>>> print(open('data01.cif').read())   # mmCIF, C-alpha atoms
data_protein
loop_
_atom_site.label_atom_id
_atom_site.label_comp_id
_atom_site.auth_asym_id
_atom_site.auth_seq_id
_atom_site.Cartn_x
_atom_site.Cartn_y
_atom_site.Cartn_z
CA MET A 283 -180.97 -59.16 -73.18
CA ALA A 284 -178.36 -57.46 -75.38
CA VAL A 285 -176.78 -54.24 -74.15
CA ARG A 286 -177.98 -51.10 -75.91
CA ALA A 287 -176.46 -47.62 -76.07
CA LYS A 288 -178.94 -45.24 -74.46
CA ILE A 289 -178.90 -41.45 -74.78
CA THR A 290 -179.07 -40.11 -71.23
CA GLY A 291 -178.11 -36.47 -71.74
CA THR A 292 -177.93 -33.84 -74.47
CA GLY A 293 -176.54 -30.33 -74.75
CA MET A 294 -175.84 -27.63 -77.32
CA TYR A 295 -174.17 -24.27 -77.57
CA VAL A 296 -173.87 -21.51 -80.17
CA PRO A 297 -171.74 -18.34 -79.94
CA GLU A 298 -173.45 -15.13 -78.88
CA THR A 299 -172.77 -13.20 -82.10
CA VAL A 300 -175.79 -13.38 -84.43
CA VAL A 301 -175.22 -12.68 -88.12
CA THR A 302 -178.36 -11.99 -90.16
CA ASN A 303 -178.84 -12.22 -93.90
CA ASP A 304 -178.91 -8.42 -94.00
CA ASP A 305 -175.49 -8.40 -92.32
CA LEU A 306 -174.11 -10.61 -95.08
CA ALA A 307 -175.73 -8.43 -97.73
CA GLU A 308 -173.40 -5.64 -96.60
CA LEU A 309 -170.41 -7.82 -97.54
CA MET A 310 -171.57 -9.45 -100.77
CA ASP A 311 -174.19 -9.17 -103.50
CA THR A 312 -177.04 -11.04 -101.83
CA SER A 313 -180.27 -10.38 -99.94
CA ASP A 314 -182.41 -11.79 -97.18
CA GLU A 315 -185.03 -12.82 -99.74
CA TRP A 316 -182.48 -14.61 -101.96
CA ILE A 317 -180.96 -16.57 -99.06
CA GLN A 318 -184.28 -17.56 -97.49
CA GLN A 319 -185.81 -18.67 -100.79
CA ARG A 320 -182.89 -20.99 -101.53
CA SER A 321 -182.02 -22.28 -98.07
CA GLY A 322 -184.58 -21.24 -95.46
CA ILE A 323 -181.82 -19.57 -93.41
CA ALA A 324 -182.49 -16.21 -91.74
CA GLU A 325 -179.50 -15.98 -89.41
CA ARG A 326 -176.54 -17.88 -88.02
CA HIS A 327 -174.06 -17.53 -85.15
CA TYR A 328 -170.35 -16.73 -85.47
CA VAL A 329 -167.53 -17.00 -82.95
CA ARG A 330 -165.90 -13.79 -81.76
CA GLU A 331 -162.16 -13.20 -81.66
CA GLY A 332 -160.48 -15.52 -79.15
CA GLU A 333 -163.35 -18.03 -79.07
CA GLN A 334 -162.14 -21.53 -79.95
CA PRO A 335 -163.98 -24.64 -81.22
CA SER A 336 -163.17 -26.36 -77.93
CA ASP A 337 -164.98 -23.56 -76.08
CA LEU A 338 -168.16 -24.37 -77.98
CA ALA A 339 -167.65 -28.10 -77.48
CA ARG A 340 -167.03 -27.62 -73.77
CA ALA A 341 -170.25 -25.68 -73.23
CA ALA A 342 -172.31 -28.29 -75.11
CA ALA A 343 -170.58 -31.17 -73.31
CA GLU A 344 -171.09 -29.64 -69.87
CA ARG A 345 -174.82 -29.33 -70.54
CA ALA A 346 -175.03 -32.92 -71.77
CA LEU A 347 -173.14 -34.19 -68.72
CA ALA A 348 -175.39 -32.19 -66.40
CA ALA A 349 -178.49 -33.62 -68.08
CA ALA A 350 -177.09 -37.12 -67.56
CA ASN A 351 -176.11 -36.32 -63.95
CA LEU A 352 -172.51 -37.31 -64.65
CA GLU A 353 -169.08 -35.85 -63.98
CA PRO A 354 -166.30 -35.89 -66.59
CA ALA A 355 -164.44 -38.54 -64.58
CA GLU A 356 -167.34 -40.95 -65.15
CA ILE A 357 -166.96 -40.88 -68.96
CA ASP A 358 -164.96 -43.75 -70.47
CA CYS A 359 -164.26 -42.29 -73.95
CA ILE A 360 -164.85 -39.14 -76.02
CA ILE A 361 -165.54 -38.94 -79.76
CA LEU A 362 -165.66 -35.52 -81.40
CA ALA A 363 -166.94 -35.13 -84.96
CA THR A 364 -165.76 -32.09 -86.92
CA LEU A 365 -164.58 -30.88 -90.32
CA SER A 366 -163.21 -27.61 -88.91
CA SER A 367 -160.48 -28.71 -86.52
CA GLN A 368 -159.08 -26.24 -83.99
CA ALA A 369 -155.53 -27.06 -85.15
CA GLU A 370 -153.89 -29.13 -87.89
CA PHE A 371 -153.12 -31.58 -85.11
CA PRO A 372 -153.95 -32.80 -82.56
CA GLY A 373 -157.70 -33.11 -82.93
CA THR A 374 -160.20 -30.81 -81.27
CA SER A 375 -161.18 -33.62 -78.89
CA PHE A 376 -157.83 -33.22 -77.12
CA PHE A 377 -158.45 -29.52 -76.46
CA LEU A 378 -161.93 -30.41 -75.15
CA HIS A 379 -160.27 -33.10 -73.03
CA GLU A 380 -157.99 -30.46 -71.49
CA ALA A 381 -160.82 -27.98 -70.95
CA LEU A 382 -162.96 -30.46 -69.03
CA GLY A 383 -160.11 -32.10 -67.10
CA PHE A 384 -160.71 -35.63 -68.35
CA GLY A 385 -157.52 -37.07 -66.84
CA GLU A 386 -156.38 -39.98 -69.03
CA THR A 387 -159.74 -40.73 -70.68
CA PRO A 388 -159.22 -41.75 -74.34
CA CYS A 389 -160.47 -39.38 -77.01
CA PHE A 390 -160.36 -39.00 -80.77
CA ASP A 391 -161.74 -36.93 -83.66
CA LEU A 392 -163.82 -38.35 -86.49
CA ARG A 393 -164.08 -36.68 -89.91
CA ALA A 394 -167.19 -37.55 -91.87
CA GLN A 395 -168.33 -33.96 -92.40
CA CYS A 396 -172.11 -33.44 -92.09
CA SER A 397 -172.58 -37.14 -91.35
CA GLY A 398 -169.88 -37.07 -88.68
CA PHE A 399 -172.16 -37.14 -85.66
CA VAL A 400 -174.11 -40.22 -86.78
CA TYR A 401 -170.86 -41.92 -87.83
CA SER A 402 -169.59 -41.17 -84.31
CA LEU A 403 -172.77 -42.60 -82.79
CA ALA A 404 -172.14 -45.79 -84.74
CA CYS A 405 -168.64 -46.02 -83.26
CA ALA A 406 -169.87 -45.33 -79.74
CA ASN A 407 -172.66 -47.86 -80.18
CA GLY A 408 -170.11 -50.51 -81.14
CA PHE A 409 -167.86 -49.73 -78.18
CA ILE A 410 -170.75 -49.94 -75.73
CA LYS A 411 -172.32 -53.09 -77.19
CA SER A 412 -168.92 -54.82 -77.14
CA GLY A 413 -168.53 -54.05 -73.45
CA MET A 414 -165.32 -52.05 -73.93
CA PHE A 415 -166.91 -48.83 -72.58
CA ARG A 416 -170.11 -48.14 -70.64
CA ARG A 417 -170.33 -44.33 -70.79
CA MET A 418 -169.34 -42.23 -73.79
CA LEU A 419 -169.47 -38.56 -74.72
CA VAL A 420 -170.16 -37.88 -78.41
CA VAL A 421 -169.75 -34.30 -79.64
CA GLY A 422 -170.28 -32.51 -82.94
CA CYS A 423 -168.53 -29.15 -83.16
CA GLU A 424 -167.93 -26.71 -86.02
CA VAL A 425 -166.47 -23.25 -86.51
CA HIS A 426 -167.14 -22.41 -90.15
CA SER A 427 -167.11 -18.62 -89.97
CA THR A 428 -163.32 -18.29 -89.95
CA GLY A 429 -162.96 -20.36 -93.14
CA ILE A 430 -165.59 -19.12 -95.59
CA ASP A 431 -165.30 -16.68 -98.49
CA ARG A 432 -167.52 -13.73 -97.58
CA THR A 433 -167.25 -12.07 -100.99
CA ASP A 434 -169.35 -12.29 -104.15
CA THR A 435 -167.14 -15.17 -105.31
CA GLY A 436 -168.02 -17.37 -102.35
CA ARG A 437 -171.52 -16.19 -101.49
CA ASP A 438 -173.37 -19.35 -102.56
CA VAL A 439 -171.52 -21.32 -99.89
CA ALA A 440 -170.82 -18.63 -97.31
CA VAL A 441 -174.46 -17.80 -96.61
CA LEU A 442 -175.20 -21.41 -95.60
CA PHE A 443 -172.85 -21.98 -92.69
CA GLY A 444 -172.81 -21.17 -88.99
CA ASP A 445 -170.88 -22.10 -85.86
CA GLY A 446 -172.12 -24.35 -83.06
CA ALA A 447 -171.71 -27.51 -81.02
CA GLY A 448 -173.96 -30.30 -79.80
CA ALA A 449 -173.25 -33.23 -77.50
CA VAL A 450 -174.84 -36.40 -76.17
CA VAL A 451 -174.00 -38.84 -73.42
CA LEU A 452 -174.46 -42.52 -74.26
CA GLU A 453 -174.66 -45.13 -71.51
CA ALA A 454 -174.92 -48.90 -71.56
CA ASN A 455 -178.51 -50.04 -70.96
CA ASP A 456 -178.97 -53.68 -70.01
CA ASP A 457 -182.30 -53.26 -68.22
CA GLU A 458 -184.74 -55.64 -69.91
CA ASN A 459 -187.63 -53.44 -68.75
CA ASP A 460 -186.20 -50.33 -70.43
CA PRO A 461 -186.33 -50.40 -74.26
CA ALA A 462 -184.50 -47.06 -74.67
CA GLY A 463 -181.42 -46.99 -76.86
CA LEU A 464 -180.05 -46.96 -80.38
CA MET A 465 -181.93 -49.48 -82.49
CA GLU A 466 -180.12 -49.32 -85.84
CA VAL A 467 -177.45 -47.24 -87.57
CA ARG A 468 -176.58 -47.31 -91.28
CA LEU A 469 -173.57 -45.59 -92.91
CA HIS A 470 -172.70 -44.96 -96.56
CA ALA A 471 -170.12 -43.08 -98.63
CA GLN A 472 -169.29 -42.35 -102.29
CA GLY A 473 -165.76 -41.02 -102.56
CA GLU A 474 -165.95 -40.44 -106.32
CA HIS A 475 -167.83 -37.24 -105.51
CA ALA A 476 -165.37 -35.95 -102.91
CA ARG A 477 -164.42 -32.94 -105.05
CA ARG A 478 -168.03 -31.84 -105.59
CA LEU A 479 -168.05 -30.28 -102.11
CA TRP A 480 -164.68 -29.67 -100.53
CA THR A 481 -161.95 -27.35 -99.34
CA GLU A 482 -158.83 -28.28 -101.28
CA ALA A 483 -156.08 -26.48 -99.36
CA PRO A 484 -154.16 -26.57 -97.18
CA GLY A 485 -153.59 -30.28 -97.59
CA SER A 486 -150.71 -32.72 -97.33
CA GLY A 487 -151.54 -33.92 -100.84
CA HIS A 488 -149.92 -30.77 -102.23
CA TYR A 489 -146.20 -30.72 -102.96
CA PRO A 490 -143.84 -29.29 -101.88
CA VAL A 491 -146.00 -27.22 -99.48
CA ARG A 492 -149.56 -27.65 -98.28
CA ILE A 493 -150.60 -24.18 -99.42
CA ASP A 494 -148.91 -21.45 -101.42
CA HIS A 495 -149.66 -17.95 -102.66
CA GLN A 496 -151.13 -19.23 -105.93
CA MET A 497 -153.64 -21.44 -104.09
CA ILE A 498 -154.66 -18.47 -101.98
CA GLU A 499 -155.02 -16.21 -105.02
CA GLU A 500 -157.18 -18.89 -106.67
CA ARG A 501 -159.24 -19.09 -103.45
CA ARG A 502 -158.65 -22.83 -103.15
CA HIS A 503 -158.48 -22.50 -99.35
CA PHE A 504 -162.21 -21.74 -99.27
CA PRO A 505 -165.01 -24.33 -99.61
CA HIS A 506 -166.41 -24.95 -103.07
CA MET A 507 -169.68 -26.70 -103.87
CA GLU A 508 -171.53 -27.84 -106.97
CA GLY A 509 -174.87 -26.92 -105.47
CA ARG A 510 -177.28 -28.56 -107.90
CA PHE A 511 -175.31 -31.78 -107.94
CA VAL A 512 -175.24 -31.91 -104.14
CA PHE A 513 -178.97 -31.16 -103.91
CA LYS A 514 -179.83 -33.93 -106.38
CA HIS A 515 -177.85 -36.54 -104.48
CA ALA A 516 -179.05 -35.41 -101.06
CA VAL A 517 -182.74 -35.75 -101.94
CA THR A 518 -182.03 -39.23 -103.33
CA ARG A 519 -179.76 -40.65 -100.64
CA MET A 520 -181.56 -39.32 -97.56
CA PRO A 521 -184.87 -41.12 -98.24
CA GLU A 522 -182.95 -44.27 -99.18
CA VAL A 523 -180.96 -44.45 -95.96
CA LEU A 524 -183.93 -43.46 -93.80
CA LEU A 525 -186.04 -46.30 -95.17
CA GLU A 526 -183.08 -48.70 -95.00
CA THR A 527 -182.52 -47.89 -91.33
CA LEU A 528 -186.18 -48.25 -90.40
CA ASN A 529 -186.43 -51.53 -92.28
CA ALA A 530 -183.40 -52.89 -90.41
CA ALA A 531 -185.13 -51.98 -87.14
CA SER A 532 -188.41 -53.58 -88.32
CA LEU A 533 -190.11 -50.20 -88.18
CA LYS A 534 -192.35 -48.23 -90.53
CA LEU A 535 -192.48 -44.49 -91.10
CA ASP A 536 -195.64 -44.31 -88.99
CA ASP A 537 -193.76 -45.79 -86.02
CA VAL A 538 -191.43 -42.79 -85.82
CA ASP A 539 -192.54 -39.96 -83.53
CA LEU A 540 -190.02 -37.36 -84.70
CA PHE A 541 -187.76 -37.10 -87.77
CA LEU A 542 -184.47 -35.22 -87.45
CA PHE A 543 -182.86 -34.29 -90.77
CA HIS A 544 -179.43 -32.76 -91.16
CA GLN A 545 -179.79 -28.99 -91.29
CA ALA A 546 -178.00 -28.17 -94.56
CA ASN A 547 -180.86 -26.68 -96.54
CA LEU A 548 -184.51 -26.40 -95.57
CA ARG A 549 -185.52 -27.03 -99.20
CA ILE A 550 -183.77 -30.43 -99.13
CA ASN A 551 -185.59 -31.42 -95.95
CA GLU A 552 -188.95 -30.28 -97.30
CA TYR A 553 -188.39 -32.23 -100.51
CA VAL A 554 -187.47 -35.43 -98.61
CA ALA A 555 -190.41 -35.10 -96.21
CA ASN A 556 -192.87 -34.52 -99.05
CA GLU A 557 -191.51 -37.48 -101.02
CA LEU A 558 -192.03 -39.78 -98.03
CA GLY A 559 -195.29 -38.24 -96.87
CA ILE A 560 -193.91 -37.19 -93.48
CA PRO A 561 -196.32 -34.68 -91.88
CA GLU A 562 -195.00 -31.36 -90.62
CA GLU A 563 -195.91 -32.16 -87.01
CA LYS A 564 -193.46 -35.08 -87.08
CA ARG A 565 -190.39 -33.08 -88.10
CA ILE A 566 -188.39 -30.26 -86.60
CA ASN A 567 -185.92 -27.76 -88.08
CA ASN A 568 -183.68 -25.07 -86.64
CA ILE A 569 -181.67 -24.13 -89.75
CA GLU A 570 -183.49 -20.81 -89.98
CA ARG A 571 -181.71 -19.73 -86.76
CA TYR A 572 -178.34 -21.48 -86.98
CA GLY A 573 -177.57 -22.26 -90.62
CA ASN A 574 -175.63 -25.41 -91.47
CA CYS A 575 -173.45 -26.41 -88.52
CA SER A 576 -172.33 -29.64 -90.22
CA ALA A 577 -171.42 -32.30 -87.61
CA ALA A 578 -173.09 -30.23 -84.88
CA SER A 579 -176.47 -29.93 -86.62
CA ILE A 580 -178.06 -33.22 -85.56
CA PRO A 581 -177.06 -33.09 -81.85
CA MET A 582 -178.12 -29.44 -81.67
CA LEU A 583 -181.49 -30.34 -83.16
CA LEU A 584 -181.86 -33.32 -80.83
CA ASP A 585 -181.13 -31.21 -77.76
CA GLU A 586 -183.69 -28.60 -78.78
CA ALA A 587 -186.28 -31.30 -79.47
CA ILE A 588 -185.84 -32.78 -76.00
CA ARG A 589 -185.66 -29.53 -74.06
CA SER A 590 -188.73 -28.13 -75.86
CA GLY A 591 -190.77 -31.26 -75.15
CA ARG A 592 -191.12 -32.23 -78.81
CA LEU A 593 -189.38 -35.50 -77.95
CA VAL A 594 -190.07 -37.29 -74.67
CA PRO A 595 -188.88 -40.56 -73.08
CA GLY A 596 -190.35 -43.62 -74.75
CA GLN A 597 -190.68 -42.00 -78.19
CA ILE A 598 -188.88 -43.19 -81.31
CA PHE A 599 -186.87 -40.75 -83.41
CA SER A 600 -184.74 -40.97 -86.52
CA MET A 601 -181.62 -39.07 -87.59
CA THR A 602 -180.76 -38.73 -91.29
CA THR A 603 -177.75 -36.99 -92.83
CA PHE A 604 -176.03 -36.19 -96.10
CA GLY A 605 -172.79 -34.33 -96.61
CA SER A 606 -169.41 -33.91 -98.22
CA GLY A 607 -167.52 -37.02 -99.16
CA PHE A 608 -170.18 -37.84 -100.24
CA SER A 609 -171.34 -39.37 -96.96
CA TRP A 610 -174.83 -40.19 -95.77
CA SER A 611 -176.22 -41.97 -92.74
CA GLY A 612 -179.29 -42.94 -90.80
CA ALA A 613 -180.00 -43.88 -87.19
CA VAL A 614 -183.13 -44.72 -85.26
CA ALA A 615 -183.44 -44.75 -81.48
CA ARG A 616 -185.89 -44.79 -78.62
CA LEU A 617 -185.38 -42.03 -76.08
#
>>> encode(input="data01.cif", output="structure tokens")
Amino acid sequence: MAVRAKITGTGMYVPETVVTNDDLAELMDTSDEWIQQRSGIAERHYVREGEQPSDLARAAAERALAAANLEPAEIDCIILATLSSQAEFPGTSFFLHEALGFGETPCFDLRAQCSGFVYSLACANGFIKSGMFRRMLVVGCEVHSTGIDRTDTGRDVAVLFGDGAGAVVLEANDDENDPAGLMEVRLHAQGEHARRLWTEAPGSGHYPVRIDHQMIEERRHFPHMEGRFVFKHAVTRMPEVLLETLNAASLKLDDVDLFLFHQANLRINEYVANELGIPEEKRINNIERYGNCSAASIPMLLDEAIRSGRLVPGQIFSMTTFGSGFSWSGAVARL
């Protein structure tokens, strides 16, 4: 029987500081009603001064390792997905590596924005199925709050994002009596739309410096999004990749016990679910409490689903994403 990559532990962490819509309304021309109508978000969590992305990643990773009954020394490789790196270089995974005392365990960052966690799962799945590694730690971690424009100019984007981290442990499963594991993963991208949702600076594509005073004055160091364009593509690509992934696994929508959608905008998820006829009892959201945590959203949602009992061993679940790049992805697994 072929080796499968089985999820044996999950964990998540968000900073203690809660920022409500009313809090943001004190900084910009917005309101709780306006934000909730357009996104479904009521609050999000922000890091406090001195709190680093690797601190969030460490807390999530420790909980995932504890759930899997493993020590850091038993992990063969670490992949960390993020679009908000702790430093220009090296990647955040190296700071997590230091924090957890991983010795000489290999690690690397992966940048695929809101699809980063599922892209990372695909990489880990390949490593495990090839026999190169047997135990892997996959982390999604974001600190958005220190890089958003909390003024009227940036409010459409700023109200959407929060900070958080989620992690899973994947282990090789070659037990023919245990069907648990990743069943299929599908990845897509469309680079022609990269500038529809991006942060332009700082960047090594600028000459002679990566950022200058003019870029800052023009607010090009903050994220910019063509909201309607992004929404239109998200509600098209997410159903496509979900059905593609299920078809590749020889599954139907009715076979899935729980659907996990990327937590970018509750209205997107509701639209996709209604288009596919997915009942409310088969989906779960947490965007109202955390906002969009990009690469951390799916593992955070998965951890909450498992710890709340919404997802139990033996059940089939799907993960569907869409994000900057454009990137979109789908995965289906049995817990």
>>> atom_distance(input="data01.cif", atom1="CA of Asn547 (chain A)", atom2="CA of Ser321 (chain A)")
4.8 Å
>>> residues_around(input="data01.cif", residues="Thr603 (chain A)", least_positions_apart="3", cutoff="10 Å", atoms="all atoms listed in the file", output="ChimeraX atom specification")
/A:395-401,469,516,519-521,523-524,542-546,576-577,579-580,609-613
>>> resolve_selection(input="data01.cif", expression="the PyMOL selection byres ((chain A and resi 599) around 10)", output="VMD selection string")
chain A and resid 464 537 to 542 564 to 565 584 593 to 594 596 to 598 600 to 601 613 to 617
>>> resolve_selection(input="data01.cif", expression="the PyMOL selection byres ((chain A and resi 457-460) around 10)", output="ChimeraX atom specification")
/A:283-286,288,454-456,461-463,596,616
>>> resolve_selection(input="data01.cif", expression="the PyMOL selection byres ((chain A and resi 421) around 10)", output="PDB file with C-alpha atoms, in the coordinates of the input")
ATOM      1  CA  THR A 292    -177.930 -33.840 -74.470  1.00  0.00           C
ATOM      2  CA  GLY A 293    -176.540 -30.330 -74.750  1.00  0.00           C
ATOM      3  CA  MET A 294    -175.840 -27.630 -77.320  1.00  0.00           C
ATOM      4  CA  ALA A 339    -167.650 -28.100 -77.480  1.00  0.00           C
ATOM      5  CA  ARG A 340    -167.030 -27.620 -73.770  1.00  0.00           C
ATOM      6  CA  ALA A 342    -172.310 -28.290 -75.110  1.00  0.00           C
ATOM      7  CA  ALA A 343    -170.580 -31.170 -73.310  1.00  0.00           C
ATOM      8  CA  ALA A 346    -175.030 -32.920 -71.770  1.00  0.00           C
ATOM      9  CA  ILE A 360    -164.850 -39.140 -76.020  1.00  0.00           C
ATOM     10  CA  ILE A 361    -165.540 -38.940 -79.760  1.00  0.00           C
ATOM     11  CA  LEU A 362    -165.660 -35.520 -81.400  1.00  0.00           C
ATOM     12  CA  ALA A 363    -166.940 -35.130 -84.960  1.00  0.00           C
ATOM     13  CA  THR A 364    -165.760 -32.090 -86.920  1.00  0.00           C
ATOM     14  CA  SER A 375    -161.180 -33.620 -78.890  1.00  0.00           C
ATOM     15  CA  LEU A 378    -161.930 -30.410 -75.150  1.00  0.00           C
ATOM     16  CA  ASP A 391    -161.740 -36.930 -83.660  1.00  0.00           C
ATOM     17  CA  LEU A 392    -163.820 -38.350 -86.490  1.00  0.00           C
ATOM     18  CA  GLY A 398    -169.880 -37.070 -88.680  1.00  0.00           C
ATOM     19  CA  PHE A 399    -172.160 -37.140 -85.660  1.00  0.00           C
ATOM     20  CA  SER A 402    -169.590 -41.170 -84.310  1.00  0.00           C
ATOM     21  CA  LEU A 403    -172.770 -42.600 -82.790  1.00  0.00           C
ATOM     22  CA  MET A 418    -169.340 -42.230 -73.790  1.00  0.00           C
ATOM     23  CA  LEU A 419    -169.470 -38.560 -74.720  1.00  0.00           C
ATOM     24  CA  VAL A 420    -170.160 -37.880 -78.410  1.00  0.00           C
ATOM     25  CA  GLY A 422    -170.280 -32.510 -82.940  1.00  0.00           C
ATOM     26  CA  CYS A 423    -168.530 -29.150 -83.160  1.00  0.00           C
ATOM     27  CA  ALA A 447    -171.710 -27.510 -81.020  1.00  0.00           C
ATOM     28  CA  GLY A 448    -173.960 -30.300 -79.800  1.00  0.00           C
ATOM     29  CA  ALA A 449    -173.250 -33.230 -77.500  1.00  0.00           C
ATOM     30  CA  VAL A 450    -174.840 -36.400 -76.170  1.00  0.00           C
ATOM     31  CA  VAL A 451    -174.000 -38.840 -73.420  1.00  0.00           C
ATOM     32  CA  ALA A 577    -171.420 -32.300 -87.610  1.00  0.00           C
ATOM     33  CA  ALA A 578    -173.090 -30.230 -84.880  1.00  0.00           C
ATOM     34  CA  PRO A 581    -177.060 -33.090 -81.850  1.00  0.00           C
ATOM     35  CA  MET A 582    -178.120 -29.440 -81.670  1.00  0.00           C
TER      36      MET A 582
END
>>> closest_atom_pairs(input="data01.cif", of="region 437-467 of chain A", to="region 489-508 of chain A", cutoff="10 Å", atoms="only C-alpha atoms", output="Markdown table")
| residue | atom | partner | partner_atom | distance |
| --- | --- | --- | --- | --- |
| A:Asp438 | CA | A:Met507 | CA | 8.3 |
| A:Val439 | CA | A:Met507 | CA | 6.9 |
| A:Ala440 | CA | A:Pro505 | CA | 8.5 |
>>> atom_distance(input="data01.cif", atom1="CA of Gly383 (chain A)", atom2="CA of Gly444 (chain A)")
27.6 Å
